[in-house]
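Source file target23.cif; content: mmCIF, C-alpha atoms.
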```cif
data_data
loop_
_atom_site.label_atom_id
_atom_site.label_comp_id
_atom_site.auth_asym_id
_atom_site.auth_seq_id
_atom_site.Cartn_x
_atom_site.Cartn_y
_atom_site.Cartn_z
CA GLN T 1 -204.61 113.14 -57.76
CA GLN T 2 -201.44 111.45 -56.52
CA LEU T 3 -200.07 111.11 -60.05
CA LEU T 4 -200.75 114.76 -60.88
CA SER T 5 -199.27 115.95 -57.57
CA CYS T 6 -196.10 113.98 -58.20
CA ALA T 7 -195.77 115.25 -61.78
CA ARG T 8 -196.17 118.80 -60.54
CA SER T 9 -193.57 118.33 -57.81
CA LYS T 10 -191.12 116.96 -60.42
CA LYS T 11 -191.89 119.93 -62.69
CA SER T 12 -192.92 117.52 -65.47
CA PRO T 13 -194.74 119.18 -68.36
CA ILE T 14 -198.48 118.80 -67.78
CA ILE T 15 -200.94 119.22 -70.60
CA HIS T 16 -204.66 119.04 -69.91
CA VAL T 17 -206.51 117.71 -72.95
CA ARG T 18 -210.16 118.70 -73.02
CA ALA T 19 -213.05 117.75 -75.28
CA ALA T 20 -214.54 120.59 -77.32
CA TYR T 21 -216.94 118.95 -79.76
CA ASN T 22 -219.52 120.88 -81.75
CA ASN T 23 -221.26 120.63 -85.10
CA GLU T 24 -218.76 123.02 -86.72
CA ASN T 25 -215.51 121.30 -85.70
CA ALA T 26 -216.56 117.65 -85.40
CA VAL T 27 -217.75 116.24 -88.73
CA TRP T 28 -218.29 112.87 -87.06
CA LEU T 29 -220.84 114.24 -84.58
CA GLU T 30 -223.90 113.66 -86.81
CA ASN T 31 -223.10 109.95 -87.09
CA PHE T 32 -222.41 109.80 -83.36
CA LYS T 33 -225.87 111.26 -82.66
CA LYS T 34 -227.45 108.50 -84.78
CA LEU T 35 -225.48 105.80 -82.95
CA GLN T 36 -226.19 107.25 -79.51
CA PRO T 37 -229.86 108.34 -79.54
CA GLY T 38 -231.19 109.72 -76.30
CA ARG T 39 -227.96 111.14 -74.92
CA GLU T 40 -228.38 114.34 -72.97
CA ILE T 41 -225.25 115.99 -74.37
CA TYR T 42 -223.62 115.62 -77.77
CA GLU T 43 -221.76 118.88 -78.09
CA ILE T 44 -219.21 119.74 -75.41
CA SER T 45 -218.01 123.30 -75.19
CA GLU T 46 -214.64 124.34 -73.86
CA LYS T 47 -216.51 125.79 -70.89
CA HIS T 48 -218.70 122.72 -70.22
CA GLN T 49 -216.22 120.38 -68.60
CA CYS T 50 -217.09 117.88 -65.91
CA GLY T 51 -213.69 117.14 -64.46
CA GLU T 52 -212.50 116.64 -60.93
CA SER T 53 -211.43 119.74 -59.01
CA PHE T 54 -207.99 118.25 -58.26
CA ALA T 55 -207.36 118.02 -61.99
CA GLU T 56 -207.96 121.70 -62.69
CA GLU T 57 -205.05 123.31 -64.45
CA LEU T 58 -202.69 125.47 -62.47
CA PRO T 59 -201.09 128.65 -63.83
CA GLY T 60 -198.50 127.74 -66.44
CA GLU T 61 -200.04 124.38 -67.33
CA ILE T 62 -201.20 124.03 -70.91
CA VAL T 63 -204.81 123.31 -71.86
CA PHE T 64 -205.34 121.76 -75.29
CA ASN T 65 -208.86 121.49 -76.69
CA LYS T 66 -209.46 118.47 -78.91
CA TYR T 67 -212.23 118.13 -81.48
CA SER T 68 -212.32 114.35 -81.72
CA PHE T 69 -211.73 111.41 -79.42
CA ASN T 70 -208.08 111.40 -80.57
CA ALA T 71 -206.03 114.44 -79.55
CA PHE T 72 -203.65 113.63 -82.44
CA ASN T 73 -206.29 114.06 -85.13
CA GLU T 74 -204.64 115.41 -88.27
CA ASP T 75 -206.42 118.77 -88.22
CA GLN T 76 -205.09 119.60 -84.77
CA ASN T 77 -201.65 120.69 -83.64
CA PHE T 78 -201.08 118.51 -80.60
CA ILE T 79 -198.00 116.76 -82.00
CA GLN T 80 -196.44 120.14 -82.83
CA LEU T 81 -197.10 121.29 -79.27
CA LEU T 82 -195.27 118.23 -77.91
CA GLN T 83 -192.41 118.56 -80.39
CA LYS T 84 -191.86 122.22 -79.43
CA GLN T 85 -191.35 121.04 -75.86
CA ASN T 86 -189.10 118.11 -76.91
CA ILE T 87 -191.58 115.59 -75.48
CA ASP T 88 -191.16 112.08 -76.85
CA THR T 89 -192.99 110.14 -74.11
CA ILE T 90 -196.49 110.74 -72.83
CA ILE T 91 -198.30 109.33 -69.82
CA LEU T 92 -202.09 109.31 -70.19
CA SER T 93 -204.83 109.29 -67.61
CA GLY T 94 -208.47 110.27 -67.87
CA ALA T 95 -211.85 109.27 -69.21
CA LEU T 96 -213.00 107.17 -70.97
CA THR T 97 -210.36 104.44 -71.16
CA SER T 98 -212.01 102.70 -74.13
CA VAL T 99 -212.66 105.89 -76.09
CA CYS T 100 -210.65 109.10 -75.64
CA VAL T 101 -207.72 107.63 -73.71
CA GLN T 102 -207.44 104.71 -76.12
CA GLN T 103 -207.80 106.83 -79.27
CA THR T 104 -205.23 109.36 -78.03
CA ALA T 105 -202.85 106.53 -77.13
CA PHE T 106 -203.22 105.14 -80.67
CA GLY T 107 -202.62 108.57 -82.18
CA ALA T 108 -199.52 109.13 -80.06
CA PHE T 109 -198.17 105.69 -80.95
CA GLU T 110 -198.69 106.39 -84.66
CA LYS T 111 -196.77 109.68 -84.29
CA GLY T 112 -193.79 107.77 -82.92
CA LEU T 113 -194.19 108.67 -79.26
CA ARG T 114 -193.60 106.29 -76.37
CA VAL T 115 -196.96 105.95 -74.61
CA GLY T 116 -198.00 104.84 -71.15
CA VAL T 117 -201.58 104.54 -69.91
CA VAL T 118 -202.01 104.65 -66.14
CA GLU T 119 -204.68 102.04 -65.54
CA ASP T 120 -205.65 103.17 -62.03
CA ALA T 121 -205.88 106.81 -63.15
CA CYS T 122 -208.41 106.13 -65.93
CA VAL T 123 -212.11 105.45 -65.81
CA ASP T 124 -214.75 104.02 -68.14
CA ARG T 125 -218.48 103.31 -68.13
CA SER T 126 -217.76 99.97 -66.46
CA ILE T 127 -214.77 98.14 -65.06
CA GLU T 128 -215.29 95.50 -67.75
CA ARG T 129 -214.93 98.07 -70.57
CA HIS T 130 -211.89 99.58 -68.85
CA GLU T 131 -210.17 96.21 -68.44
CA ALA T 132 -211.09 95.07 -71.97
CA ALA T 133 -209.56 98.20 -73.51
CA LEU T 134 -206.32 97.74 -71.60
CA MET T 135 -206.21 94.03 -72.35
CA LEU T 136 -206.66 94.54 -76.10
CA TYR T 137 -203.90 97.09 -76.68
CA GLY T 138 -201.78 97.30 -73.54
CA GLY T 139 -198.32 95.97 -74.32
CA TYR T 140 -199.13 96.31 -78.01
CA MET T 141 -199.37 100.06 -78.63
CA TYR T 142 -198.68 101.37 -75.14
CA GLU T 143 -197.37 100.37 -71.75
CA VAL T 144 -199.90 99.78 -68.99
CA LEU T 145 -198.68 101.51 -65.84
CA LYS T 146 -199.84 101.96 -62.26
CA THR T 147 -199.73 105.14 -60.23
CA GLY T 148 -197.59 103.51 -57.54
CA GLU T 149 -194.92 102.61 -60.10
CA LEU T 150 -194.72 106.20 -61.30
CA VAL T 151 -194.84 108.02 -57.98
CA GLY T 152 -192.66 105.58 -56.06
CA ASN T 153 -189.64 107.84 -56.47
CA CYS T 154 -191.52 111.08 -55.88
CA GLU T 155 -189.66 112.71 -53.02
CA ASP T 156 -191.83 114.92 -50.83
CA GLY T 157 -193.96 115.75 -53.86
CA VAL T 158 -197.19 114.18 -52.68
CA ASP T 159 -199.01 115.33 -49.60
CA GLU T 160 -199.77 112.18 -47.62
CA GLY T 161 -203.05 113.70 -46.53
CA GLU T 162 -204.40 114.03 -50.07
CA ASN T 163 -206.89 111.51 -51.40
CA SER T 164 -205.48 109.39 -54.17
CA SER T 165 -207.41 108.52 -57.26
#
```
Encoding of this model in structure tokens:
Amino acid sequence: QQLLSCARSKKSPIIHVRAAYNNENAVWLENFKKLQPGREIYEISEKHQCGESFAEELPGEIVFNKYSFNAFNEDQNFIQLLQKQNIDTIILSGALTSVCVQQTAFGAFEKGLRVGVVEDACVDRSIERHEAALMLYGGYMYEVLKTGELVGNCEDGVDEGENSS
């Protein structure tokens, strides 16, 4: 919440990347179902999101629906969206660190972008998975950052009464 509030106060471009997996747009989903038997949900519609209320998009913020774990999948136009806005550096936060955050970080790195992953603004199924993901590729394909480092120079952009996460 603190990171997003600061970015908004600095008028940084904010792009919300959302999962939108279904049998028509995700050819990998059948194999995923076999590897993950017993899951309650395999397909995720654009309307079925389970995010935090503080992370809801505000008017003017872009929402990009992705059809794989990696927002930079070749059949999507995420890199073109960033290029149109002259964005060459991205800061990632979200869920799951070891899956969607990691895959999107890899995709961004391969497209030539500078990438930062905010370790205390990401979550995974366990702290061990989260830390292992960051340990494996942090400093290799992306910078590992902390919210405090990024918002330290945020002047009057963060309401001190807000909960940080």
If the PyMOL selection byres ((chain T and resi 92) around 8) were run on this exact file, what residues would it hold? Put them as a PDB file with C-alpha atoms, keeping the file's coordinate frame.
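The resulting file, out28.pdb, is reproduced below:
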```
ATOM      1  CA  ILE T  90    -196.490 110.740 -72.830  1.00  0.00           C
ATOM      2  CA  ILE T  91    -198.300 109.330 -69.820  1.00  0.00           C
ATOM      3  CA  SER T  93    -204.830 109.290 -67.610  1.00  0.00           C
ATOM      4  CA  GLY T  94    -208.470 110.270 -67.870  1.00  0.00           C
ATOM      5  CA  VAL T 101    -207.720 107.630 -73.710  1.00  0.00           C
ATOM      6  CA  ALA T 105    -202.850 106.530 -77.130  1.00  0.00           C
ATOM      7  CA  VAL T 115    -196.960 105.950 -74.610  1.00  0.00           C
ATOM      8  CA  GLY T 116    -198.000 104.840 -71.150  1.00  0.00           C
ATOM      9  CA  VAL T 117    -201.580 104.540 -69.910  1.00  0.00           C
ATOM     10  CA  VAL T 118    -202.010 104.650 -66.140  1.00  0.00           C
TER      11      VAL T 118
END
```
**OP:** Taking the file as shown, find all residues satisfying the PyMOL selection byres ((chain T and resi 70-80) around 7) and write them as a PyMOL selection string.
**Re:** chain T and resi 66+68-69+81-84+100+103-104+107-108
**OP:** Name the residues that the PyMOL selection byres ((chain T and resi 63) around 10) pulls out of this structure, and write them as a list of chain:residue names.
**Re:**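 This file, filtered by the PyMOL selection byres ((chain T and resi 63) around 10), leaves T:Ile14, T:Ile15, T:His16, T:Val17, T:Arg18, T:Glu56, T:Glu57, T:Leu58, T:Gly60, T:Glu61, T:Ile62, T:Phe64, T:Asn65, T:Lys66.
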**OP:** Please identify all polymer residues within 12 Å of stretch 120-125 of chain T, counting all atoms listed in the file, omitting same-chain residues fewer than 2 positions from it, and present them as a ChimeraX atom specification.
**Re:** /T:1-4,51,55,91-102,116-118,127-134,144-150,164-165
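What separates atom CA of T:Ser12 from atom CA of T:Arg114 is a distance of 15.7 Å.
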Original post:
So what do you get for atom CA of T:Gly152 versus atom CA of T:Gln85, distance-wise?
Top reply: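 Here the two named atoms are 25.2 Å from each other.
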Original post:
Between atom CA of T:Gly139 and atom CA of T:Leu113, what is the spacing in Å?
Top reply: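 Rounded to one decimal, the two atoms are 14.2 Å apart.
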Around all the atoms of stretch 97-116 of chain T listed in the file, draw an axis-aligned box and extend it by 6 Å on each of the six sides; I want its centre and edge lengths in Å to one decimal, as AutoDock Vina command-line options.
```
--center_x -203.1 --center_y 106.2 --center_z -77.9 --size_x 31.1 --size_y 19.0 --size_z 25.5
```
